[in-house]
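Encoded as structure tokens, the structure appears first; notes follow it.
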Amino acid sequence: MCTTIGMANQKGGVGKTASTLNIGVGLANEGKRVLLVDIDAQANLTMSLGFEPDELPRTICDLLQGAMSQQQSCSIDDCLLHAEGVDLIPSDMNLSGIEALMQTMSMGREHLLKGILEPLRAQYDFILIDCPPSLSTLTINALTAADEVIIPSQAQIFSFKGSS
């Protein structure tokens, strides 16, 4: 049974990406099948695993565009990258433009990521989603897709306020 976990906090620099990466690799080292999903346009998770976002032929952007138009422009397998014992659906800077398009949708925009990830749940023990540092349409998509949420935080007042 797959557990999908979103790493979310409105504050940047609190460890969302580091937590996603380290928990994911740790679970993979324990023999779990893990998918990491980078839905932050900064693509730090993608870069942390050694990939250059600008050089990737397909990213989460392609999957979200396909979900919005209800015409699959690429398969999930076209987007999957492999490193450190985990699979990754990478991100790139184009995600900001995709998010702007998502906001123009009248219905169903908060369920796009869940629809993309649902068929993958049978293949993985864990899906970890690295969220952007905001309560954006992308973060709402991650929270909708997630079974659980981890809120990384530092022992500082602004980090704590980002979780509320």
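Residues are referred to by chain and number: the chain letter is A, B, ... according to the order shown in the structure tokens, the number counts from 1 in that chain, and ligands are numbered separately from 1 in the order shown.
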
Sorted per-residue table, range 36-84 of chain A near range 133-157 of chain A, closest atoms and distance, 10 Å, only C-alpha atoms, as CSV:
```
residue,atom,partner,partner_atom,distance
A:Val37,CA,A:Ala142,CA,9.5
A:Ile39,CA,A:Leu138,CA,6.7
A:Asp40,CA,A:Pro133,CA,8.0
A:Ala41,CA,A:Leu138,CA,9.8
A:Gln42,CA,A:Pro133,CA,9.9
```

Residues within 7 Å of range 118-129 of chain A, please, as a short mmCIF file (atom, residue, chain, number, x, y, z; two decimals) with C-alpha atoms, in the first residue's frame. Count only C-alpha atoms; anything in the same chain fewer than 3 positions from it doesn't count.
```cif
data_model
loop_
_atom_site.label_atom_id
_atom_site.label_comp_id
_atom_site.auth_asym_id
_atom_site.auth_seq_id
_atom_site.Cartn_x
_atom_site.Cartn_y
_atom_site.Cartn_z
CA MET A 1 0.00 0.00 0.00
CA CYS A 2 1.41 3.36 -1.07
CA THR A 3 1.66 6.37 1.21
CA THR A 4 1.88 9.79 -0.42
CA ILE A 5 3.52 12.48 1.71
CA GLY A 6 3.70 16.19 0.93
CA MET A 7 6.54 18.31 2.34
CA THR A 20 12.19 15.01 0.77
CA GLY A 24 13.26 9.28 0.21
CA LYS A 32 11.15 0.57 -0.18
CA ARG A 33 10.09 1.64 -3.67
CA VAL A 34 10.14 5.43 -3.64
CA LEU A 35 9.01 8.12 -6.07
CA LEU A 36 10.05 11.73 -5.49
CA VAL A 37 8.00 14.47 -7.16
CA ASP A 38 9.47 17.94 -7.58
CA LYS A 114 -3.59 13.49 -7.75
CA GLY A 115 -4.85 12.26 -11.13
CA ALA A 142 0.21 18.31 -3.43
#
```

request  = Would you list the contacts of range 74-86 of chain A as an MDAnalysis selection string, taking every protein, DNA or RNA residue within 7 Å and counting only C-alpha atoms, but skipping same-chain residues closer than 3 positions in sequence?
outcome  = chainID A and resid 25 28 34:35 49 58:59 62:63 89

key: One-decimal distance in Å that lies between CA of Glu110 in chain A and CA of Leu27 in chain A   =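 About the pair CA of Leu27 in chain A and CA of Glu110 in chain A: they are 27.8 Å apart.
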
query = Hey, what does DSSP flag as strand (DSSP E or B) within range 10-56 of chain A? Can you give it to me as a list in words?
reply =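 Residues of range 10-56 of chain A classed as strand (DSSP E or B): Val34, Leu35, Leu36, Val37 and Asp38 of chain A.
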
Atom pair CA of His111 in chain A / CA of Ile60 in chain A: separation (Å) =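 CA of Ile60 in chain A lies at a distance of 14.4 Å from CA of His111 in chain A.
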
key: Expected answer as number ranges by chain: alpha helix (DSSP H) residues in chain A   = A: 16-29, 44-48, 60-69, 76-79, 95-103, 112-117, 137-145, 157-161

Residue nearest Pro53 in chain A - candidates A:Asn29, A:Ser91, A:Gln71, A:Gln65, atoms counted: only C-alpha atoms = A:Ser91

key: For Asp92 in chain A, the nearest of the candidates A:Met105, A:Thr46, A:Asp130, A:Ala67, counting only C-alpha atoms   = A:Thr46
